[in-house]
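One structure is given here, and the rest of the page talks about it.
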4 protein chains.
Amino acid sequence: MNLTSDNIAPAHPAVLEALGAANSGPARPYGHDEENARVEALLSEIFEKPVAAYLVTTGTAANALSLAQMSPPWGAVIGHREAHVMHDECGAPEFFTNGAKIVGAAGLDGKLTPNTLGALLGRDFWTPPTHVTPSALTLSQATEAGTVYRPAEIAALSEVARAHKLRVHMDGARFANAVAATRASPADLTWRAGVEALSFGFTKNGAMAAEAIVLFADDLLAGLAERRKRGGHTWSKGRFIAAQIAALLEGGLWLDLARTANATAAELAIGLEARGFRTAFPVESNEVFVWLPAALHEALQARGAGYYVWTSESIASDRAGRAGEVIARLICSFATTSAEVAAALAEIDAAASVAEGGRKRASRSPGTPLF
Amino acid sequence: MNLTSDNIAPAHPAVLEALGAANSGPARPYGHDEENARVEALLSEIFEKPVAAYLVTTGTAANALSLAQMSPPWGAVIGHREAHVMHDECGAPEFFTNGAKIVGAAGLDGKLTPNTLGALLGRDFWTPPTHVTPSALTLSQATEAGTVYRPAEIAALSEVARAHKLRVHMDGARFANAVAATRASPADLTWRAGVEALSFGFTKNGAMAAEAIVLFADDLLAGLAERRKRGGHTWSKGRFIAAQIAALLEGGLWLDLARTANATAAELAIGLEARGFRTAFPVESNEVFVWLPAALHEALQARGAGYYVWTSESIASDRAGRAGEVIARLICSFATTSAEVAAALAEIDAAASVAEGGRKRASRSPGTPLF
Amino acid sequence: MNLTSDNIAPAHPAVLEALGAANSGPARPYGHDEENARVEALLSEIFEKPVAAYLVTTGTAANALSLAQMSPPWGAVIGHREAHVMHDECGAPEFFTNGAKIVGAAGLDGKLTPNTLGALLGRDFWTPPTHVTPSALTLSQATEAGTVYRPAEIAALSEVARAHKLRVHMDGARFANAVAATRASPADLTWRAGVEALSFGFTKNGAMAAEAIVLFADDLLAGLAERRKRGGHTWSKGRFIAAQIAALLEGGLWLDLARTANATAAELAIGLEARGFRTAFPVESNEVFVWLPAALHEALQARGAGYYVWTSESIASDRAGRAGEVIARLICSFATTSAEVAAALAEIDAAASVAEGGRKRASRSPGTPLF
Amino acid sequence: MNLTSDNIAPAHPAVLEALGAANSGPARPYGHDEENARVEALLSEIFEKPVAAYLVTTGTAANALSLAQMSPPWGAVIGHREAHVMHDECGAPEFFTNGAKIVGAAGLDGKLTPNTLGALLGRDFWTPPTHVTPSALTLSQATEAGTVYRPAEIAALSEVARAHKLRVHMDGARFANAVAATRASPADLTWRAGVEALSFGFTKNGAMAAEAIVLFADDLLAGLAERRKRGGHTWSKGRFIAAQIAALLEGGLWLDLARTANATAAELAIGLEARGFRTAFPVESNEVFVWLPAALHEALQARGAGYYVWTSESIASDRAGRAGEVIARLICSFATTSAEVAAALAEIDAAASVAEGGRKRASRSPGTPLF
C-alpha cells in the first residue's frame, strides 16, 4: 500500500488534456490571458458572487500570500496549533508577512472552537505596541486531522474573529473534500460564513500544481499582484495554471474527484473498524488516522507499507491510544481505487497475522530462547 | 505581428508529451522523484561535472533564491543597471535576500566590463559596517539587450569579482540562446569561467514553466532547500517540473530550439537592415532592437503590431537614435516561424508606405491647412 | 506604592557622573572610543576570559540581535513560553532574524527543564525543509517569574541544546539580579555552563539605557556589526553607552545595586507572607508575585497603587490561586528603599481593612439594600 | 586638526544638565512620561501646528522607521544618489521597509531638482507589478554636500512627488544647520513645503543621542509605535531621550548651536579661499569640501590631521578638481571654536610649506638624482 499522501498522485487526465488544449498559439503573459479570465468566471459562478482570483502553484504560496495581505509584520495569525501553516511550511507565513507571529491554539480533532478562540483573543497580553496584535484567523478546511467545519461552525468562529478585528482566511488545500463532505455550498462554507480569502487547493484534488487565492473582500486586493510577483509566483505563461483549474471546475469534476477520494477513505475506515481498529479522529474527508499496535506497525513497515506515523495532542479522550499504539495516517486521493483499499486491508491482515504470530511465539514460550 | 516576448509562446509539444508520460502512478513528492534525479544527471552531463539542481517555475524565483544564497541581508548584489533582476522582478531579490542592496553598473550593449566592475568595487564607499558589502555579481546571459558574453569575458569579470570576494551568479533566462549564439560549451560559459550558480531558464526556451538553479559550488547548497520551501516554490508533485526540463535536455532539444529562435531573429534583423533600419544593439541571440521612425511606429501601433517600445542608456554612440525614433524590441521564440518573420517585414513595409504617405502629404503642402 | 517595574527608576547617580566625565573633547565615533574598550576590558575581567561586547540601548535590541546571529530565517528559537522575548518585544526576534519561528516551551516557575526541552527537540516534526530547524535556545536569567537558574541547571539545558545543535543565548535583562541571587560567578552562569551569547542588561540595573551583547563564541561575531548598524543601533557618540556600563561595572556597583534590589524584594516578600499572603513563584530576585484577593486588589487600585496584574500558566500546584484572587507583580529596583517597602505594606494593610470592611458590610446585611 | 565629523563632539553641557534634572524619582516608561509630552509641545510650537513625535537615538533609525511608514516592501524610495540613506546606513531602509528599493537620482551639489525627479518618475519602467512602485521621496536637509534646500525648492520637489503619489520625507540629521542657513521657519522648510515626516536630528546638533521622527501627516502614525518597538528603539526610561531634546529646543539653543557651527565653517571656508583653495560645493551649512593638492593632503595626513577624503559625482563643472587633487571634508560642530579653525588653517599652512618644499625640491632638480 502507498497511502502516504494525496500529493503522490498524478494529475487527472482531464488536466493534461486541458494543458494540451491551451497549448496553442501566443497568449498574453502574466495571467492576463483568456484561461485566467475563465477561471475567475467559473469561480464567481461557484461562489455565487464575483470574486478575484490569483493563481499560484503551491498551497504554501497561497496561504502565505493570503496571510501577508491580512497581517502586518507586527500582527499575529491565529490558527490551530497542528495546522499545516503552523508546522509544515518552513516559516513561509513568517517570510511573506515579514515576521508576523503565527500563534497556535488548541482544539479537539484539529478544530478550533469559538470558546478557545475567544479566550485566546480575550487574554490581556495583546496590548500594543509591546505585544503583537492579532490580525488574522486561519481555518483549515478540511483540517489537518481530516475533519471538516460546518458552515455554522465557521460563522461562529468568524464572528469571534470579527469582534476582535481579525480578518478570516481559510486554508482550503482540501477544500473540495470539505465541500463534498459537508454537502454545503462553497458560498456557505466561505464568504457567507465570514471567510474573506480562501486558498482553494487543486493540486491534491487532481491538478498538476494549481491553487487559487480567492478573495471575497475587495480591500484585500491591493498589493497582492506585487507580493505574488516579488515572491516569484507570477508565471509568464500563466494560462497553464489556469487551464488546470478550469478543467477541474468545469462540469464539477473537482467535486466528483473529492467525492471519490472521500468515499474511498470511508471504505478504508469501515474496513479498519470492522477489524476492530479505532480511529484517532472522526473520518470525515479523505484521511484516516488509525491506531495500530506497535507490532502490526512494525510488520507493515517491514513490508514497505507507505503511510506516515502521526502524533497529535488534539485527540478526544474517547479516542485515545493505548500503550504501544501508533497512529497511521492513511490518505486516499482521487486516484485511489476501491481495489487499492481492499489490497491495503489485505496487507494489514497479512501483517497482523505475522505480528500476531510473533506475539504468540514470543508469549508462547517466554522461557525458551528463540535461537 | 506579435513579437512582444518569448513568453507568449506555448510550450513545445515534446514538453507536453513528457508531462503525459510522467503522469502515471504515484511518485515521491517534493522533488524526491525519478524525474528530478534524471534532470540532475542530464545537467551533470551537459556541464561535464556533477551538479546539484533545484527546480522552480519562474526566473524570478531562480534568480532571487540564488542571490539569497550568495548575499547576506547587508550585502550588495552587483549587476548591469538594465538587467531584469534590477527592474523587472518587483524587488524579488530584496525580498529573498531579506533586504540586500541591488546595485546597477553601467555598460554598453547591456554588458558589464571588468573595468567598470573593478572601478565600482574599488570605490572607497564600501567600508563595513557603515556600508553594505558587495557580495555577489550577477551576469545576464543572454543580456537584456540580447547580446551575449563570450567565455573569456565571463572569466575576466569573475576574476574581478573573486578578487573582491564576490560570488558569481548567472541569470540564464535565455542561457540556451547564449549557448547557441556563442557555440561555447555550457561548462565554458559557466563554472570554467568562474560562475558558481546558474538560473538555467527553460520557460522561454520551450517549457511551460521550468527553471533550474544549477549549483557549481557545493557550499551554496546549505539552506537552499529551506529557502525554496519557505518561498512556496517546492512543488509536491515535483515530477512535473522535472519532466519538462528532461524533455528539453534530452537529445539536445533545448539547443535546437534556441538555434531556431536565434536564426529567426537573425532573418528578421537582416530583413530590417536590408530596408535601411538600424539596430540599437548587436543582434546576437533571439532579440532585435530596431530604431523605428515615430511615424512608422505609430502606423504599426495603429495596425495592432505587437512589440515593446524600449529605452536604454547603454547604447553605443554609433548606434544612437535620431530625433523622433523609438526602439522596438522584437523577440523571436522557438515557435516563431520564418513565415511570421516575412509577414512582420511585410507589415512593416505596409505601415511604412502609409507613414511615408502621411509624411509626404504633410510635407507636400506645408502652408496648406489639411482641413 | 509604585512597584510597576524596575524600568520606572531613574539612573544611578554614578551613571550620570560618568556621562559627565565622558563628555569632554572629541572621541572616535561608532564605538571605536576608549570607553568602549574599557567596557570590553571590564567585561573580560568579570567573565574571566576575553570577550567581545556590542553595546546597544534596549534589551529588545540586545536579544533580537543576538538571536539573529544564532538563527537563520528558517530556524526556530526555543524559549520559555512566558519569556519576554516571546511576548513582550512586538515580534523583534522575528524581525531581526528575518522571520524565524519563536517557539515557547512550558516549565514551572518560568524555567525550562532539560526534560521538556529534550522532549520538544526530540519530537519528529522538525524534519527539514518542511519544518523549521531548531537553531537556538534562549534562557531568561532571572526569569520572567523572578526565579533564577543555577549553574548546573544552565549547564544541563545547554547540554541538551548542544546535543541538538542549538546555540545558547541568555536574556540577562536582570542578569545582575541573578548573579546576586545565586552568588555564582558570572562565568559559571554563562560560558562555563554553555552560554554563547549574553544580553547583559544594565538599564534595569541602574543605567539610563545600556545593554551589552557579550559574545563568548568567536564565530558569532561575523556580521553583528552590520546587523547592529542596519538596525539603527550604532550610536555615533558611542562613548555615552559605554560610560554608563563602565560606571556600573567598576568597583562592582552593578552587583551592589542588584543585591539592594533583591534584598528589598525579600523584605517585601517577608512582609507579605507575615500577613498571610502567598506568592505565585519563589521570590529569588527582585520580583514578588503575590496572590491578592479581588476585593483587596480593587481597594488598592482605587488608591492608585502601582503594579501589574499578572497571569501565568507556569505556577506550581502548591502555589495555585484561589477563587477570585489575582496576581500582583511587585518589582523593586536599585532605587527602591526599605521605607518604600514599609509604606507599600502599610498601604496594603490600609486597603485590606477597607476591603475587609466592605466585605463585612456586604455580608453583614445580605437582605438589606445598601441604598 | 580634527574635523572628521560633527559626531565626534561631546554633548552640550545643557543636555547633560537636563539629564540630571530628569533623573529623579519614578517616571512612566516607554515614552509615556512628562518629558516626552514636553517635547511634543515644544515641537508643535516650533512647527506652528500640533505634531506627533516619536523619539529614537540614531538618525539611521529615524530615517528607516519614517521610510517604512511611507513605503510598502514593493515600493521605491527616491533620494539623491549620494544621500546618507543610500550609502551610509548599511541597508537600514531596506531592512525596516522589508525590502523596498532605494533608488538614487543625480543632482548637482547633492541636491535633487524637480526636473530630474520628474524625469525619473515619468520613466515608463515603473509599471506594477513587474516593477516596484515609487512610494516616497527623501530629501536631505542639509544635504550630504553641505548645501541646503530653500522652501521653494522643497515645495517644487514635493509637488512633483505628490503628482506621482509619493510621500515626502526629510532626512534632517542637520536640520538645525539648514534652518540656521536658510533663515526660513521650520514650518516653511517642512510641512508648508509638502514634507510629511521629518527625521529631526539632535545628535549632531549637541545631544548625546536623540532624534525625533516628527509627523505632519496623521495617517503616517498607524503602526509606528509597533515598528519602533520591534526595531528595539523604544526606551523603557524614555525620559532620557526626551530630556535631551527639550534642553536643546528650549530657548532656541538648537538654533544657536547650529548658527555657531555654520559660522565656524564659514570662517574656515573664508580662510581656505583666502589661501587660494577652491571648494567642491557651495559652503552653506557646517561642512566645507575643499580641493587639496595631493602633496598637501599627504603632508596633512603625515601630521595626523583628521578629516575624510571625499568623492562625488555631483560637483558642478566650475568647481571640478584638477589632476592630483582630492577633496577634504571638514566639518565644524557646535563645539568647534574659532581658535580651532585658526589652528586648522595654520596646520594647513605648515603642511603646505612642507609640501611646497617637497615639490620645489623635486621640481628644482629634475635631472639630478636625489640620492
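Each chain in the C-alpha cells gets a letter, A, B, ..., in the order shown, and its residues are numbered from 1; ligands are numbered from 1 in order too.
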message = Residues of chain A within 6 Å of chain B, counting only C-alpha atoms - could you list those as JSON, numbers by chain?
response = {"A": [7, 8, 9, 10, 23, 24, 26, 27, 28, 29, 60, 61, 89, 90, 91, 92, 230, 232, 236]}
ask   = DSSP on the backbone: what in range 88-242 of chain A comes out helix (DSSP H, G or I), as a ChimeraX atom specification?
value = /A:92-96,108-110,114-122,124-126,151-163,175-182,186-189,191-193,218-220,224-230,239-242
I need the chosen residues saved as an mmCIF file, in the first residue's frame, with C-alpha atoms.
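Wrote result_16.cif, looks like this:
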data_model
loop_
_atom_site.group_PDB
_atom_site.id
_atom_site.type_symbol
_atom_site.label_atom_id
_atom_site.label_comp_id
_atom_site.auth_asym_id
_atom_site.auth_seq_id
_atom_site.Cartn_x
_atom_site.Cartn_y
_atom_site.Cartn_z
ATOM 1 C CA ALA A 92 6.596 30.684 4.819
ATOM 2 C CA PRO A 93 3.959 32.761 6.631
ATOM 3 C CA GLU A 94 6.683 34.440 8.681
ATOM 4 C CA PHE A 95 8.640 35.073 5.471
ATOM 5 C CA PHE A 96 5.794 36.528 3.425
ATOM 6 C CA LEU A 108 -10.022 18.651 19.586
ATOM 7 C CA ASP A 109 -9.976 16.876 16.235
ATOM 8 C CA GLY A 110 -7.889 19.595 14.641
ATOM 9 C CA PRO A 114 -15.312 29.900 19.381
ATOM 10 C CA ASN A 115 -14.647 29.435 23.084
ATOM 11 C CA THR A 116 -10.947 28.735 22.840
ATOM 12 C CA LEU A 117 -10.529 31.387 20.184
ATOM 13 C CA GLY A 118 -12.405 33.925 22.270
ATOM 14 C CA ALA A 119 -10.409 33.049 25.350
ATOM 15 C CA LEU A 120 -7.123 33.438 23.486
ATOM 16 C CA LEU A 121 -8.092 36.755 21.942
ATOM 17 C CA GLY A 122 -9.540 37.961 25.210
ATOM 18 C CA ASP A 124 -4.652 40.620 28.334
ATOM 19 C CA PHE A 125 -1.295 40.147 26.740
ATOM 20 C CA TRP A 126 -2.118 41.607 23.362
ATOM 21 C CA PRO A 151 -20.989 26.439 7.935
ATOM 22 C CA ALA A 152 -22.373 27.331 11.344
ATOM 23 C CA GLU A 153 -19.051 26.491 13.000
ATOM 24 C CA ILE A 154 -17.179 28.706 10.569
ATOM 25 C CA ALA A 155 -19.662 31.508 11.048
ATOM 26 C CA ALA A 156 -19.314 31.316 14.811
ATOM 27 C CA LEU A 157 -15.524 31.430 14.602
ATOM 28 C CA SER A 158 -15.629 34.288 12.122
ATOM 29 C CA GLU A 159 -17.877 36.216 14.436
ATOM 30 C CA VAL A 160 -15.395 35.926 17.277
ATOM 31 C CA ALA A 161 -12.620 36.932 14.902
ATOM 32 C CA ARG A 162 -14.523 39.924 13.605
ATOM 33 C CA ALA A 163 -15.363 41.027 17.130
ATOM 34 C CA PHE A 175 -11.452 22.446 0.278
ATOM 35 C CA ALA A 176 -13.032 20.206 -2.329
ATOM 36 C CA ASN A 177 -13.054 17.316 0.136
ATOM 37 C CA ALA A 178 -14.692 19.549 2.714
ATOM 38 C CA VAL A 179 -17.379 20.679 0.287
ATOM 39 C CA ALA A 180 -18.037 17.081 -0.648
ATOM 40 C CA ALA A 181 -18.134 16.050 2.998
ATOM 41 C CA THR A 182 -20.421 18.764 4.270
ATOM 42 C CA PRO A 186 -18.938 26.742 -1.387
ATOM 43 C CA ALA A 187 -20.507 30.105 -0.589
ATOM 44 C CA ASP A 188 -21.945 28.852 2.691
ATOM 45 C CA LEU A 189 -18.571 27.443 3.667
ATOM 46 C CA TRP A 191 -17.929 34.251 2.476
ATOM 47 C CA ARG A 192 -21.421 33.708 3.803
ATOM 48 C CA ALA A 193 -19.749 32.379 6.946
ATOM 49 C CA ASP A 218 -12.210 43.808 -2.173
ATOM 50 C CA ASP A 219 -9.822 45.610 0.132
ATOM 51 C CA LEU A 220 -7.579 42.557 0.275
ATOM 52 C CA LEU A 224 -1.373 41.189 -3.924
ATOM 53 C CA ALA A 225 -0.158 41.351 -7.518
ATOM 54 C CA GLU A 226 3.081 42.871 -6.254
ATOM 55 C CA ARG A 227 3.505 40.342 -3.488
ATOM 56 C CA ARG A 228 2.918 37.465 -5.896
ATOM 57 C CA LYS A 229 5.387 38.897 -8.373
ATOM 58 C CA ARG A 230 8.159 39.549 -5.868
ATOM 59 C CA ARG A 239 -2.512 30.067 -18.994
ATOM 60 C CA PHE A 240 -1.021 26.792 -17.861
ATOM 61 C CA ILE A 241 -2.071 27.206 -14.251
ATOM 62 C CA ALA A 242 -5.484 28.492 -15.214
#
inquiry  = At a cut-off of 6 Å, using only C-alpha atoms, what residues contact Glu287 in chain A? Leave out same-chain residues fewer than 3 positions from it and give the result as a list of chain:residue names.
reply    =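 Answer for this query is A:Gly146, A:Leu330, A:Ile331.
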Could you turn the residues from that selection into a file that holds N, CA and C atoms, as a tab-separated table (two decimals), in the first residue's frame?
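The file below, out08.tsv, is the result:
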chain	number	residue	atom	x	y	z
A	146	GLY	N	-8.24	15.79	9.18
A	146	GLY	CA	-9.20	15.19	8.26
A	146	GLY	C	-10.64	15.49	8.59
A	330	LEU	N	-3.51	7.53	6.83
A	330	LEU	CA	-3.75	6.92	5.53
A	330	LEU	C	-4.60	7.88	4.71
A	331	ILE	N	-4.09	8.25	3.56
A	331	ILE	CA	-4.81	9.23	2.74
A	331	ILE	C	-5.19	8.64	1.39
ask   = Which polymer residues have any atom within 12 Å of an atom of range 266-270 of chain A, counting only C-alpha atoms, with same-chain residues fewer than 5 positions away left out, as a ChimeraX atom specification?
value = /A:1,3,146,181,259-261,275-291,328-332,336-346,348
Selected residues written out with C-alpha atoms, as a tab-separated table (two decimals), in the first residue's frame:
chain	number	residue	atom	x	y	z
A	1	MET	CA	0.00	0.00	0.00
A	3	LEU	CA	-1.28	5.92	1.20
A	146	GLY	CA	-9.20	15.19	8.26
A	181	ALA	CA	-18.13	16.05	3.00
A	259	ARG	CA	-16.33	12.64	-3.52
A	260	THR	CA	-14.37	9.71	-4.88
A	261	ALA	CA	-11.47	10.33	-2.51
A	275	ARG	CA	-11.28	-5.40	12.00
A	276	GLY	CA	-11.51	-3.75	15.39
A	277	PHE	CA	-9.19	-0.84	14.78
A	278	ARG	CA	-10.06	2.55	16.29
A	279	THR	CA	-9.56	5.90	14.63
A	280	ALA	CA	-7.95	8.85	16.36
A	281	PHE	CA	-10.19	11.38	14.65
A	282	PRO	CA	-13.63	11.13	13.06
A	283	VAL	CA	-13.23	10.18	9.41
A	284	GLU	CA	-14.94	12.99	7.55
A	285	SER	CA	-12.96	13.59	4.39
A	286	ASN	CA	-10.20	11.65	2.65
A	287	GLU	CA	-7.91	10.99	5.60
A	288	VAL	CA	-7.98	8.09	8.03
A	289	PHE	CA	-5.97	8.25	11.23
A	290	VAL	CA	-5.95	4.80	12.73
A	291	TRP	CA	-4.35	3.43	15.87
A	328	ALA	CA	-1.02	5.68	10.96
A	329	ARG	CA	-2.20	8.43	8.64
A	330	LEU	CA	-3.75	6.92	5.53
A	331	ILE	CA	-4.81	9.23	2.74
A	332	CYS	CA	-6.89	8.45	-0.31
A	336	THR	CA	-7.05	5.73	-5.13
A	337	THR	CA	-9.27	2.85	-6.17
A	338	SER	CA	-11.51	0.55	-4.16
A	339	ALA	CA	-9.21	-2.24	-5.25
A	340	GLU	CA	-6.27	-0.45	-3.67
A	341	VAL	CA	-8.25	-0.07	-0.46
A	342	ALA	CA	-9.06	-3.76	-0.47
A	343	ALA	CA	-5.40	-4.53	-1.10
A	344	ALA	CA	-4.35	-2.27	1.74
A	345	LEU	CA	-6.75	-4.03	4.10
A	346	ALA	CA	-5.46	-7.37	2.94
A	348	ILE	CA	-2.89	-5.18	7.06
